[in-house]
>>> print(open('my_file-v4.txt').read())   # compact mmCIF, C-alpha atoms and all ligand atoms
# COMPACT_ATOMS: atom_id res chain seq x y z
CA MET A 1437 4.19 17.75 1.13
CA SER A 1438 5.38 14.16 0.57
CA ASN A 1439 8.75 13.36 -0.89
CA PRO A 1440 8.46 14.04 -4.64
CA THR A 1441 11.05 11.43 -5.54
CA ILE A 1442 9.87 8.67 -7.85
CA ALA A 1443 10.41 5.44 -5.99
CA CYS A 1444 10.12 3.08 -8.93
CA GLY A 1445 13.74 2.21 -9.62
CA HIS A 1446 13.09 -1.04 -11.44
CA GLY A 1447 16.24 -2.99 -11.78
CA ILE A 1448 17.47 -1.91 -8.37
CA GLY A 1449 18.53 -5.19 -6.95
CA ALA A 1450 21.54 -7.26 -6.22
CA ALA A 1451 23.68 -5.52 -8.79
CA SER A 1452 23.18 -2.02 -7.40
CA MET A 1453 23.54 -2.89 -3.72
CA SER A 1454 26.75 -2.55 -1.80
CA PRO A 1455 28.52 -5.86 -1.14
CA PRO A 1456 26.64 -7.67 1.62
CA SER A 1457 28.40 -7.96 4.94
CA ALA A 1458 25.61 -10.19 6.20
CA LEU A 1459 22.10 -10.94 5.14
CA LEU A 1460 19.41 -8.81 6.74
CA SER A 1461 17.44 -11.07 9.08
CA VAL A 1462 13.77 -10.22 8.72
CA GLY A 1463 11.10 -11.21 11.23
CA LEU A 1464 7.74 -11.68 9.54
CA ILE A 1465 4.48 -11.13 11.41
CA GLY A 1466 1.52 -12.56 9.50
CA THR A 1467 1.83 -15.41 7.02
CA GLY A 1468 -1.55 -15.07 5.30
CA SER A 1469 -1.89 -14.23 1.62
CA ILE A 1470 0.39 -11.21 1.27
CA GLY A 1471 2.60 -12.30 4.19
CA ALA A 1472 3.31 -15.67 2.57
CA ASP A 1473 3.99 -13.85 -0.68
CA HIS A 1474 6.51 -11.55 1.01
CA ALA A 1475 8.16 -14.54 2.69
CA ARG A 1476 8.75 -16.20 -0.70
CA ARG A 1477 9.93 -12.94 -2.19
CA LEU A 1478 12.45 -12.39 0.61
CA ALA A 1479 13.65 -15.98 0.38
CA ARG A 1480 13.84 -16.27 -3.41
CA THR A 1481 13.93 -13.02 -5.33
CA VAL A 1482 15.05 -10.20 -3.05
CA ALA A 1483 18.80 -9.83 -2.60
CA GLY A 1484 20.47 -9.24 0.74
CA ALA A 1485 17.87 -10.66 3.12
CA ARG A 1486 16.45 -13.81 4.58
CA VAL A 1487 13.37 -14.64 6.60
CA HIS A 1488 14.73 -15.34 10.06
CA SER A 1489 11.50 -16.12 11.93
CA VAL A 1490 7.75 -15.93 11.47
CA PHE A 1491 4.64 -15.68 13.60
CA ASP A 1492 0.98 -16.00 12.70
CA VAL A 1493 -2.13 -16.39 14.86
CA ASP A 1494 -2.77 -19.49 12.74
CA SER A 1495 0.16 -21.65 13.87
CA ALA A 1496 -0.31 -24.25 11.11
CA ARG A 1497 -0.09 -21.51 8.50
CA ALA A 1498 3.04 -20.11 10.15
CA ALA A 1499 4.59 -23.58 10.27
CA ALA A 1500 3.91 -24.18 6.57
CA VAL A 1501 5.41 -20.86 5.48
CA GLY A 1502 8.31 -21.20 7.94
CA ALA A 1503 9.16 -24.63 6.55
CA GLU A 1504 8.92 -23.37 2.98
CA VAL A 1505 11.36 -20.49 3.47
CA GLY A 1506 13.61 -22.03 6.12
CA ALA A 1507 12.52 -19.72 8.94
CA GLU A 1508 11.97 -20.45 12.60
CA VAL A 1509 8.41 -20.35 13.87
CA ARG A 1510 7.71 -18.32 17.01
CA ARG A 1511 4.87 -18.52 19.53
CA SER A 1512 4.16 -14.80 19.65
CA ALA A 1513 4.76 -11.63 17.67
CA GLY A 1514 6.81 -10.32 20.60
CA ASP A 1515 9.12 -13.33 20.33
CA VAL A 1516 9.88 -12.29 16.75
CA ILE A 1517 10.16 -8.55 17.29
CA GLU A 1518 12.28 -8.72 20.45
CA ASP A 1519 14.67 -11.41 19.21
CA PRO A 1520 18.14 -9.77 19.03
CA ALA A 1521 18.84 -11.87 15.93
CA VAL A 1522 16.01 -10.12 14.04
CA ASP A 1523 17.30 -6.96 12.31
CA ALA A 1524 14.03 -5.69 10.85
CA VAL A 1525 10.34 -6.52 10.93
CA LEU A 1526 7.80 -6.97 8.14
CA VAL A 1527 4.20 -6.63 9.33
CA ALA A 1528 1.61 -8.38 7.17
CA SER A 1529 -0.88 -9.44 9.84
CA ALA A 1530 -4.55 -8.40 10.01
CA ASP A 1531 -5.08 -4.66 9.61
CA GLU A 1532 -6.40 -4.27 13.20
CA SER A 1533 -3.09 -5.58 14.60
CA HIS A 1534 -0.79 -3.31 12.57
CA ALA A 1535 -0.50 -0.53 15.16
CA GLU A 1536 0.41 -2.92 17.97
CA MET A 1537 3.10 -4.60 15.84
CA VAL A 1538 4.56 -1.36 14.52
CA LEU A 1539 4.64 0.22 17.99
CA ALA A 1540 6.42 -2.86 19.37
CA SER A 1541 8.97 -2.66 16.54
CA ILE A 1542 9.60 1.02 17.19
CA GLY A 1543 9.93 0.17 20.90
CA ALA A 1544 12.60 -2.38 19.97
CA ARG A 1545 14.26 0.26 17.72
CA LYS A 1546 13.84 -1.95 14.67
CA PRO A 1547 13.08 -0.80 11.12
CA VAL A 1548 9.65 -1.97 10.06
CA LEU A 1549 7.87 -2.35 6.73
CA CYS A 1550 4.14 -2.36 7.47
CA GLU A 1551 1.60 -3.44 4.89
CA LYS A 1552 -1.13 -0.87 4.19
CA PRO A 1553 -3.00 0.50 6.00
CA LEU A 1554 -0.51 1.70 8.59
CA ALA A 1555 -3.51 1.32 10.92
CA PRO A 1556 -7.23 1.41 10.25
CA THR A 1557 -7.80 4.39 12.60
CA VAL A 1558 -6.41 7.90 12.86
CA THR A 1559 -5.88 7.50 16.61
CA GLU A 1560 -3.58 4.51 16.16
CA SER A 1561 -1.79 6.11 13.20
CA LEU A 1562 -1.01 9.19 15.29
CA GLU A 1563 0.29 6.99 18.10
CA ILE A 1564 2.77 5.54 15.63
CA VAL A 1565 3.78 8.99 14.41
CA ALA A 1566 4.27 10.07 18.03
CA ALA A 1567 6.32 6.96 18.86
CA GLU A 1568 8.61 7.59 15.91
CA GLN A 1569 9.13 11.16 17.00
CA ALA A 1570 9.89 10.01 20.54
CA ALA A 1571 12.42 7.57 19.07
CA GLY A 1572 13.91 10.60 17.28
CA ARG A 1573 14.12 8.91 13.89
CA MET A 1574 12.14 7.31 11.13
CA LEU A 1575 11.85 3.56 11.34
CA VAL A 1576 8.57 2.93 9.55
CA GLN A 1577 7.90 2.38 5.86
CA VAL A 1578 4.32 1.76 4.73
CA GLY A 1579 3.59 -0.76 1.97
CA PHE A 1580 1.90 1.42 -0.61
CA MET A 1581 3.36 -0.65 -3.43
CA ARG A 1582 1.89 1.36 -6.29
CA ARG A 1583 4.73 3.83 -5.76
CA TYR A 1584 6.92 1.05 -7.20
CA ASP A 1585 4.69 0.10 -10.12
CA GLU A 1586 6.13 0.97 -13.51
CA GLY A 1587 2.79 2.25 -14.82
CA PHE A 1588 2.10 4.51 -11.86
CA CYS A 1589 5.70 5.73 -11.94
CA SER A 1590 5.22 6.76 -15.57
CA LEU A 1591 2.17 8.80 -14.50
CA LYS A 1592 4.29 10.43 -11.79
CA ALA A 1593 7.04 11.27 -14.27
CA ALA A 1594 4.49 12.74 -16.72
CA VAL A 1595 3.03 15.00 -14.02
CA ARG A 1596 6.48 16.05 -12.84
CA ASP A 1597 7.54 16.88 -16.40
CA GLY A 1598 4.35 18.82 -17.17
CA VAL A 1599 3.51 16.50 -20.07
CA ILE A 1600 -0.26 17.01 -19.66
CA GLY A 1601 0.03 20.61 -18.46
CA GLN A 1602 -1.61 21.34 -15.15
CA PRO A 1603 -3.59 18.40 -13.71
CA VAL A 1604 -7.25 19.35 -13.33
CA THR A 1605 -9.12 16.14 -12.59
CA SER A 1606 -8.67 12.37 -12.36
CA HIS A 1607 -10.83 9.28 -12.85
CA CYS A 1608 -9.97 6.00 -11.16
CA VAL A 1609 -11.38 2.49 -11.10
CA HIS A 1610 -10.62 -0.04 -8.37
CA ARG A 1611 -12.38 -3.36 -8.81
CA ASN A 1612 -11.83 -6.71 -7.13
CA ALA A 1613 -13.52 -9.91 -8.32
CA THR A 1614 -14.95 -10.70 -4.88
CA SER A 1615 -14.50 -9.41 -1.36
CA PRO A 1616 -13.19 -11.64 1.44
CA PRO A 1617 -15.58 -12.73 4.23
CA GLY A 1618 -16.25 -9.99 6.78
CA PHE A 1619 -15.46 -7.17 4.36
CA THR A 1620 -17.42 -4.02 5.31
CA SER A 1621 -18.44 -0.90 3.39
CA ALA A 1622 -15.86 1.10 5.40
CA MET A 1623 -13.15 -1.42 4.43
CA SER A 1624 -13.69 -0.41 0.82
CA PHE A 1625 -12.03 2.82 1.97
CA THR A 1626 -9.46 1.57 4.53
CA SER A 1627 -8.37 -1.45 2.46
CA SER A 1628 -9.02 -0.50 -1.17
CA VAL A 1629 -9.52 3.23 -1.89
CA ILE A 1630 -6.68 3.98 0.52
CA HIS A 1631 -4.45 3.04 -2.44
CA GLU A 1632 -6.02 5.77 -4.60
CA VAL A 1633 -5.60 8.20 -1.70
CA ASP A 1634 -1.89 7.48 -1.38
CA THR A 1635 -1.43 7.38 -5.15
CA MET A 1636 -3.05 10.78 -5.63
CA ARG A 1637 -1.17 12.42 -2.73
CA TRP A 1638 2.05 11.08 -4.25
CA LEU A 1639 1.24 11.83 -7.90
CA LEU A 1640 -0.09 15.32 -7.31
CA ASP A 1641 2.08 16.20 -4.33
CA GLU A 1642 -0.93 17.65 -2.53
CA GLU A 1643 -3.04 16.73 0.46
CA ILE A 1644 -6.63 15.56 0.17
CA VAL A 1645 -8.81 18.09 1.98
CA ALA A 1646 -12.32 16.66 1.58
CA VAL A 1647 -14.12 13.46 0.68
CA THR A 1648 -17.65 12.66 -0.46
CA VAL A 1649 -19.22 9.25 -1.02
CA VAL A 1650 -21.91 9.19 -3.68
CA PRO A 1651 -24.46 6.43 -3.28
CA THR A 1652 -25.07 4.25 -6.28
CA ARG A 1653 -27.17 1.14 -6.81
CA THR A 1654 -25.81 -1.86 -4.91
CA SER A 1655 -24.94 -4.93 -6.93
CA PRO A 1656 -27.31 -7.84 -6.30
CA LEU A 1657 -24.15 -9.96 -5.95
CA ALA A 1658 -22.72 -7.89 -3.10
CA PRO A 1659 -22.74 -9.74 0.24
CA GLU A 1660 -25.56 -8.78 2.59
CA GLY A 1661 -25.04 -5.33 4.13
CA LEU A 1662 -22.12 -4.30 1.89
CA ARG A 1663 -22.49 -1.08 -0.12
CA ASP A 1664 -20.86 -2.10 -3.37
CA PRO A 1665 -19.97 -0.37 -5.65
CA GLN A 1666 -19.36 3.07 -4.17
CA ILE A 1667 -18.21 6.27 -5.83
CA VAL A 1668 -15.70 8.28 -3.83
CA LEU A 1669 -14.82 11.89 -4.60
CA LEU A 1670 -11.52 13.21 -3.27
CA GLU A 1671 -10.74 16.93 -3.34
CA THR A 1672 -7.16 18.16 -3.17
CA GLU A 1673 -5.76 21.38 -1.74
CA SER A 1674 -5.64 23.05 -5.17
CA GLY A 1675 -9.18 21.94 -6.04
CA ILE A 1676 -8.49 18.86 -8.17
CA VAL A 1677 -11.40 16.40 -7.89
CA VAL A 1678 -10.56 12.69 -8.19
CA ASP A 1679 -13.44 10.29 -8.68
CA THR A 1680 -12.93 6.62 -7.84
CA GLU A 1681 -15.35 3.81 -8.47
CA VAL A 1682 -14.60 1.09 -5.93
CA PHE A 1683 -16.34 -2.19 -6.67
CA VAL A 1684 -15.07 -5.14 -4.67
CA ASN A 1685 -17.45 -7.76 -6.08
CA CYS A 1686 -17.26 -7.02 -9.79
CA GLN A 1687 -16.99 -10.79 -10.48
CA TYR A 1688 -14.79 -10.64 -13.57
CA GLY A 1689 -11.28 -10.02 -12.19
CA TYR A 1690 -8.97 -7.37 -10.72
CA ASP A 1691 -9.17 -4.11 -12.57
CA VAL A 1692 -7.25 -1.02 -11.46
CA ARG A 1693 -7.19 1.98 -13.76
CA ALA A 1694 -6.35 5.64 -13.47
CA GLU A 1695 -6.63 8.61 -15.78
CA LEU A 1696 -5.16 12.02 -15.07
CA VAL A 1697 -6.59 14.87 -17.07
CA GLY A 1698 -4.51 18.02 -17.49
CA SER A 1699 -4.81 21.40 -19.17
CA LEU A 1700 -2.95 20.08 -22.26
CA GLY A 1701 -3.87 16.40 -22.41
CA ALA A 1702 -4.68 13.27 -20.50
CA ILE A 1703 -2.65 10.27 -19.46
CA SER A 1704 -4.20 6.97 -18.55
CA LEU A 1705 -3.07 3.73 -17.02
CA ASP A 1706 -4.91 0.62 -18.04
CA GLN A 1707 -4.19 -2.96 -17.05
CA PRO A 1708 -0.58 -3.78 -17.88
CA SER A 1709 -0.42 -5.13 -21.39
CA SER A 1710 -1.26 -8.75 -21.90
CA SER A 1711 -1.51 -10.70 -25.14
CA THR A 1712 -4.70 -10.69 -27.16
CA VAL A 1713 -6.02 -13.98 -28.49
CA ALA A 1714 -8.02 -13.92 -31.72
CA LEU A 1715 -10.16 -17.04 -31.89
CA GLU A 1716 -13.57 -18.13 -33.12
CA GLY A 1717 -14.59 -14.70 -34.33
CA ALA A 1718 -13.49 -12.78 -31.24
CA ARG A 1719 -10.43 -11.05 -29.81
CA ARG A 1720 -9.87 -11.79 -26.12
CA ARG A 1721 -7.53 -10.21 -23.62
CA ALA A 1722 -7.22 -11.79 -20.21
CA VAL A 1723 -8.03 -9.80 -17.07
CA VAL A 1724 -5.72 -10.53 -14.16
CA TRP A 1725 -7.56 -12.12 -11.23
CA ASP A 1726 -5.45 -11.39 -8.20
CA TRP A 1727 -3.97 -8.10 -7.03
CA ARG A 1728 -0.79 -9.90 -5.92
CA ASP A 1729 -0.18 -10.87 -9.55
CA ARG A 1730 -1.05 -7.44 -10.94
CA PHE A 1731 1.46 -5.79 -8.60
CA ALA A 1732 4.03 -8.59 -8.28
CA SER A 1733 6.89 -6.59 -9.73
CA ALA A 1734 5.93 -3.50 -7.69
CA TYR A 1735 5.99 -5.60 -4.50
CA ARG A 1736 9.35 -7.03 -5.43
CA SER A 1737 10.81 -3.61 -6.06
CA GLU A 1738 9.28 -2.25 -2.85
CA VAL A 1739 10.69 -5.01 -0.65
CA GLN A 1740 14.06 -4.94 -2.42
CA GLN A 1741 14.42 -1.20 -1.92
CA TRP A 1742 13.36 -1.46 1.72
CA VAL A 1743 15.99 -4.17 2.34
CA ALA A 1744 18.62 -2.06 0.56
CA ALA A 1745 17.69 1.03 2.61
CA VAL A 1746 17.79 -0.84 5.92
CA ARG A 1747 21.16 -2.36 5.10
CA ALA A 1748 22.57 0.96 3.89
CA HIS A 1749 21.41 2.51 7.16
CA ALA A 1750 23.05 -0.23 9.21
CA THR A 1751 26.31 -0.49 7.32
CA GLU A 1752 26.90 2.80 5.52
CA GLY A 1753 25.31 5.27 7.91
CA ALA A 1754 22.44 6.19 5.56
CA GLU A 1755 20.18 8.67 7.34
CA ARG A 1756 17.11 6.45 7.64
CA PRO A 1757 16.13 2.81 7.10
CA VAL A 1758 13.30 3.80 4.77
CA ALA A 1759 13.56 3.70 0.98
CA THR A 1760 13.68 7.00 -0.90
CA GLY A 1761 10.24 8.01 -2.13
CA ALA A 1762 8.50 5.34 -0.08
CA ALA A 1763 5.46 6.07 2.07
CA THR A 1764 6.40 7.06 5.62
CA ALA A 1765 4.35 6.79 8.79
CA TRP A 1766 3.13 10.31 8.07
CA ASP A 1767 1.88 9.26 4.64
CA GLY A 1768 0.22 6.26 6.28
CA TYR A 1769 -1.51 8.56 8.77
CA ALA A 1770 -2.64 11.02 6.07
CA ALA A 1771 -4.10 8.19 3.98
CA THR A 1772 -5.95 6.70 6.96
CA ALA A 1773 -7.32 10.15 7.84
CA VAL A 1774 -8.94 10.33 4.40
CA ALA A 1775 -10.25 6.74 4.58
CA GLU A 1776 -11.73 7.35 8.02
CA SER A 1777 -13.38 10.55 6.76
CA ALA A 1778 -14.83 8.59 3.85
CA ALA A 1779 -16.53 6.25 6.33
CA VAL A 1780 -18.08 9.29 8.04
CA ALA A 1781 -19.10 10.70 4.65
CA LEU A 1782 -20.83 7.41 3.83
CA GLU A 1783 -22.77 7.54 7.10
CA THR A 1784 -23.78 11.20 6.88
CA GLY A 1785 -24.16 11.45 3.12
CA ALA A 1786 -22.37 14.79 3.33
CA ARG A 1787 -19.01 16.11 2.11
CA GLN A 1788 -16.50 15.51 4.88
CA ALA A 1789 -13.53 17.83 5.39
CA VAL A 1790 -10.23 16.09 6.13
CA VAL A 1791 -8.20 18.01 8.69
CA LEU A 1792 -4.66 16.80 9.28
CA GLU A 1793 -2.44 17.53 12.27
CA ALA A 1794 0.54 19.81 11.67
CA ARG A 1795 3.33 17.83 10.02
CA PRO A 1796 6.20 17.26 12.48
CA PRO A 1797 9.72 18.26 11.34
CA LEU A 1798 10.76 14.57 11.20
CA TYR A 1799 8.60 14.25 8.07
CA THR A 1800 9.43 17.46 6.26
C1 LIG A 1901 -6.12 -5.55 -0.89
O1 LIG A 1901 -5.91 -5.63 0.49
C2 LIG A 1901 -5.00 -4.81 -1.50
O2 LIG A 1901 -4.14 -4.26 -0.90
C3 LIG A 1901 -5.13 -4.64 -2.95
O3 LIG A 1901 -4.05 -3.96 -3.47
C4 LIG A 1901 -6.38 -3.87 -3.19
O4 LIG A 1901 -6.55 -3.63 -4.54
C5 LIG A 1901 -7.58 -4.62 -2.66
O5 LIG A 1901 -8.73 -3.89 -2.93
C6 LIG A 1901 -7.40 -4.80 -1.17
O6 LIG A 1901 -8.50 -5.48 -0.63
>>> encode(input="my_file-v4.txt", output="structure tokens", more="lines below")
Ligand code: ISE
Amino acid sequence: MSNPTIACGHGIGAASMSPPSALLSVGLIGTGSIGADHARRLARTVAGARVHSVFDVDSARAAAVGAEVGAEVRRSAGDVIEDPAVDAVLVASADESHAEMVLASIGARKPVLCEKPLAPTVTESLEIVAAEQAAGRMLVQVGFMRRYDEGFCSLKAAVRDGVIGQPVTSHCVHRNATSPPGFTSAMSFTSSVIHEVDTMRWLLDEEIVAVTVVPTRTSPLAPEGLRDPQIVLLETESGIVVDTEVFVNCQYGYDVRAELVGSLGAISLDQPSSSTVALEGARRRAVVWDWRDRFASAYRSEVQQWVAAVRAHATEGAERPVATGAATAWDGYAATAVAESAAVALETGARQAVVLEARPPLYT
């Protein structure tokens, strides 16, 4: 199924890139939390690119980020995407707008890095896949940044090398301190568990074929109407069952963990190491609060490798402007298909089969 290459490549940066002929001019759509983060990354830590122009539905927010990174502020997303001076597009707007932005970028024949999810619905995701096929080439990379996280890459390498024998099951935890306003039970799948879905497809190199949501007691601190926590069971083609506890109002911080159990042993990924303070009769280890901090180096590596791939495509004739091992539009579609099935499973209380379309040759 997906490309088995390990994307990680920490240290890939200015030193390993070909000499720049010109900076890649990136148009940024969405300057909210992760969009603003990407803008700073592109302006300060990623080599070979600059933020050319930005758009956000909140014009004050766009103006602030534009001023900070020296980018022009546009009045519409179309003004960014269609500007001939923009070489590539980074989409970090609200999830519901992703499909429209990505389709417009494909229409303009521009490489696009789209934050996850590719789109919140299967219908929109398939439209993107169809548009890419009509364009005759891959242009879309999806921002599943865990593929660039050192810890997750070490899990991938262990599976590839057979360190734990044959994987048989996996246990994951995905907790956020609090959920943003308007967060729904289904968004726990399309916004949060979708990471575990992509991670497991990538780690195990198998599709997810069924999903079940097991009801558990709702936290008294969950906002009205939100099922939180939820336990999600993913089943892969070969019968591996992955359980994920998703709890988006755990109150104490951001906590993402994964354990893969194999026929010979188990490998687990805890929070990245942080110092332990011994004081007043107790040992304390901080828990990171924000997912942008937990995955900062993964995001940097992801954006750097995307920039390098787009530039190599433009200047050296590389086959596609998508980084090796990164999530493609197909991966984005497959992940959304599982998340959408999870929402059905929550409603029906039954195991929901996930049936994917046939994979087009562009993605094989
Ligand atoms: C958020 O949108 C992210 O992408 C984070 O990585 C994830 O952990 C969090 O649950 C999402 O809401």
>>> closest_residue(input="my_file-v4.txt", among="A:Cys1550, A:Val1462, A:Leu1782, A:Ala1622", to="A:Val1758", atoms="all atoms listed in the file")
A:Cys1550
>>> residues_near_point(input="my_file-v4.txt", point="(8.6, -3.7, 7.1)", cutoff="8 Å", atoms="only C-alpha atoms", output="count of residues only")
14
>>> atom_distance(input="my_file-v4.txt", atom1="atom CA of A:Val1609", atom2="atom O1 of ligand LIG 1901 (chain A)")
15.2 Å
>>> residues_around(input="my_file-v4.txt", residues="A:Ala1535", least_positions_apart="5", cutoff="8 Å", atoms="all atoms listed in the file", output="ChimeraX atom specification")
/A:1554-1555,1560-1561,1564
>>> residues_near_ligand(input="my_file-v4.txt", ligand="ligand LIG 1901 (chain A)", cutoff="6 Å", atoms="all atoms listed in the file", output="VMD selection string")
chain A and resid 1612 1627 to 1628 1727
>>> residues_around(input="my_file-v4.txt", residues="stretch 1501-1507 of chain A", least_positions_apart="4", cutoff="12 Å", atoms="all atoms listed in the file", output="ChimeraX atom specification")
/A:1461-1481,1485-1492,1494-1497,1516,1522
>>> write_last_selection(input="my_file-v4.txt", atoms="C-alpha atoms", output="compact mmCIF listing (two decimals), in the frame of the given file")
# COMPACT_ATOMS: atom_id res chain seq x y z
CA SER A 1461 17.44 -11.07 9.08
CA VAL A 1462 13.77 -10.22 8.72
CA GLY A 1463 11.10 -11.21 11.23
CA LEU A 1464 7.74 -11.68 9.54
CA ILE A 1465 4.48 -11.13 11.41
CA GLY A 1466 1.52 -12.56 9.50
CA THR A 1467 1.83 -15.41 7.02
CA GLY A 1468 -1.55 -15.07 5.30
CA SER A 1469 -1.89 -14.23 1.62
CA ILE A 1470 0.39 -11.21 1.27
CA GLY A 1471 2.60 -12.30 4.19
CA ALA A 1472 3.31 -15.67 2.57
CA ASP A 1473 3.99 -13.85 -0.68
CA HIS A 1474 6.51 -11.55 1.01
CA ALA A 1475 8.16 -14.54 2.69
CA ARG A 1476 8.75 -16.20 -0.70
CA ARG A 1477 9.93 -12.94 -2.19
CA LEU A 1478 12.45 -12.39 0.61
CA ALA A 1479 13.65 -15.98 0.38
CA ARG A 1480 13.84 -16.27 -3.41
CA THR A 1481 13.93 -13.02 -5.33
CA ALA A 1485 17.87 -10.66 3.12
CA ARG A 1486 16.45 -13.81 4.58
CA VAL A 1487 13.37 -14.64 6.60
CA HIS A 1488 14.73 -15.34 10.06
CA SER A 1489 11.50 -16.12 11.93
CA VAL A 1490 7.75 -15.93 11.47
CA PHE A 1491 4.64 -15.68 13.60
CA ASP A 1492 0.98 -16.00 12.70
CA ASP A 1494 -2.77 -19.49 12.74
CA SER A 1495 0.16 -21.65 13.87
CA ALA A 1496 -0.31 -24.25 11.11
CA ARG A 1497 -0.09 -21.51 8.50
CA VAL A 1516 9.88 -12.29 16.75
CA VAL A 1522 16.01 -10.12 14.04
>>> residues_around(input="my_file-v4.txt", residues="A:Glu1532", least_positions_apart="4", cutoff="9 Å", atoms="only C-alpha atoms", output="list in words")
Glu1536, Ala1555, Pro1556 and Thr1557 of chain A
>>> residues_near_point(input="my_file-v4.txt", point="(-9.3, 18.5, -12.5)", cutoff="9 Å", atoms="only C-alpha atoms", output="PyMOL selection string")
chain A and resi 1602-1606+1675-1678+1696-1699
>>> residues_around(input="my_file-v4.txt", residues="A:Phe1625", least_positions_apart="5", cutoff="10 Å", atoms="all atoms listed in the file", output="PyMOL selection string")
chain A and resi 1556+1620+1630-1633+1666+1668+1682+1771-1772+1774-1779
>>> atom_distance(input="my_file-v4.txt", atom1="atom CA of A:Arg1573", atom2="atom CA of A:Ala1521")
21.4 Å
>>> atom_distance(input="my_file-v4.txt", atom1="atom CA of A:Tyr1688", atom2="atom CA of A:Pro1616")
15.1 Å
>>> residues_around(input="my_file-v4.txt", residues="A:Ser1711", least_positions_apart="4", cutoff="12 Å", atoms="all atoms listed in the file", output="tab-separated table (two decimals) with C-alpha atoms, in the coordinates of the input")
chain	number	residue	atom	x	y	z
A	1707	GLN	CA	-4.19	-2.96	-17.05
A	1719	ARG	CA	-10.43	-11.05	-29.81
A	1720	ARG	CA	-9.87	-11.79	-26.12
A	1721	ARG	CA	-7.53	-10.21	-23.62
A	1722	ALA	CA	-7.22	-11.79	-20.21
A	1723	VAL	CA	-8.03	-9.80	-17.07
A	1724	VAL	CA	-5.72	-10.53	-14.16
>>> closest_residue(input="my_file-v4.txt", among="A:Pro1797, A:Pro1757, A:Gly1785, A:Pro1665", to="A:Arg1545", atoms="only C-alpha atoms")
A:Pro1757
>>> closest_residue(input="my_file-v4.txt", among="A:Ser1674, A:Ser1710, A:Met1537, A:Ala1786", to="A:Ala1513", atoms="all atoms listed in the file")
A:Met1537
>>> closest_residue(input="my_file-v4.txt", among="A:Arg1693, A:Arg1795, A:Arg1747, A:Arg1756", to="A:Leu1591", atoms="all atoms listed in the file")
A:Arg1693
>>> closest_residue(input="my_file-v4.txt", among="A:Glu1783, A:Asp1531, A:Asp1679, A:Asp1515", to="A:Phe1619", atoms="only C-alpha atoms")
A:Asp1531
>>> build_atoms(input="my_file-v4.txt", residues="stretch 1516-1529 of chain A", atoms="N, CA and C atoms", output="PDB file, in the coordinates of the input")
ATOM      1  N   VAL A1516       9.181 -12.640  18.010  1.00  0.00           N
ATOM      2  CA  VAL A1516       9.880 -12.290  16.750  1.00  0.00           C
ATOM      3  C   VAL A1516      10.520 -10.920  16.898  1.00  0.00           C
ATOM      4  N   ILE A1517       9.699  -9.949  17.299  1.00  0.00           N
ATOM      5  CA  ILE A1517      10.160  -8.550  17.290  1.00  0.00           C
ATOM      6  C   ILE A1517      11.329  -8.336  18.258  1.00  0.00           C
ATOM      7  N   GLU A1518      11.246  -8.968  19.433  1.00  0.00           N
ATOM      8  CA  GLU A1518      12.280  -8.720  20.450  1.00  0.00           C
ATOM      9  C   GLU A1518      13.532  -9.593  20.293  1.00  0.00           C
ATOM     10  N   ASP A1519      13.507 -10.534  19.398  1.00  0.00           N
ATOM     11  CA  ASP A1519      14.670 -11.410  19.210  1.00  0.00           C
ATOM     12  C   ASP A1519      15.865 -10.575  18.705  1.00  0.00           C
ATOM     13  N   PRO A1520      16.979 -10.571  19.456  1.00  0.00           N
ATOM     14  CA  PRO A1520      18.140  -9.770  19.030  1.00  0.00           C
ATOM     15  C   PRO A1520      18.677 -10.195  17.654  1.00  0.00           C
ATOM     16  N   ALA A1521      18.350 -11.420  17.241  1.00  0.00           N
ATOM     17  CA  ALA A1521      18.840 -11.870  15.930  1.00  0.00           C
ATOM     18  C   ALA A1521      18.007 -11.310  14.781  1.00  0.00           C
ATOM     19  N   VAL A1522      16.863 -10.712  15.089  1.00  0.00           N
ATOM     20  CA  VAL A1522      16.010 -10.120  14.040  1.00  0.00           C
ATOM     21  C   VAL A1522      16.431  -8.659  13.845  1.00  0.00           C
ATOM     22  N   ASP A1523      16.825  -8.326  12.598  1.00  0.00           N
ATOM     23  CA  ASP A1523      17.300  -6.960  12.310  1.00  0.00           C
ATOM     24  C   ASP A1523      16.156  -6.017  11.965  1.00  0.00           C
ATOM     25  N   ALA A1524      15.119  -6.542  11.340  1.00  0.00           N
ATOM     26  CA  ALA A1524      14.030  -5.690  10.850  1.00  0.00           C
ATOM     27  C   ALA A1524      12.764  -6.523  10.789  1.00  0.00           C
ATOM     28  N   VAL A1525      11.626  -5.828  10.819  1.00  0.00           N
ATOM     29  CA  VAL A1525      10.340  -6.520  10.930  1.00  0.00           C
ATOM     30  C   VAL A1525       9.463  -6.186   9.726  1.00  0.00           C
ATOM     31  N   LEU A1526       8.784  -7.207   9.203  1.00  0.00           N
ATOM     32  CA  LEU A1526       7.800  -6.970   8.140  1.00  0.00           C
ATOM     33  C   LEU A1526       6.423  -7.351   8.711  1.00  0.00           C
ATOM     34  N   VAL A1527       5.522  -6.393   8.743  1.00  0.00           N
ATOM     35  CA  VAL A1527       4.200  -6.630   9.330  1.00  0.00           C
ATOM     36  C   VAL A1527       3.175  -6.846   8.210  1.00  0.00           C
ATOM     37  N   ALA A1528       2.611  -8.048   8.180  1.00  0.00           N
ATOM     38  CA  ALA A1528       1.610  -8.380   7.170  1.00  0.00           C
ATOM     39  C   ALA A1528       0.439  -9.124   7.828  1.00  0.00           C
ATOM     40  N   SER A1529       0.207  -8.797   9.089  1.00  0.00           N
ATOM     41  CA  SER A1529      -0.880  -9.440   9.840  1.00  0.00           C
ATOM     42  C   SER A1529      -2.183  -8.697   9.545  1.00  0.00           C
TER      43      SER A1529
END
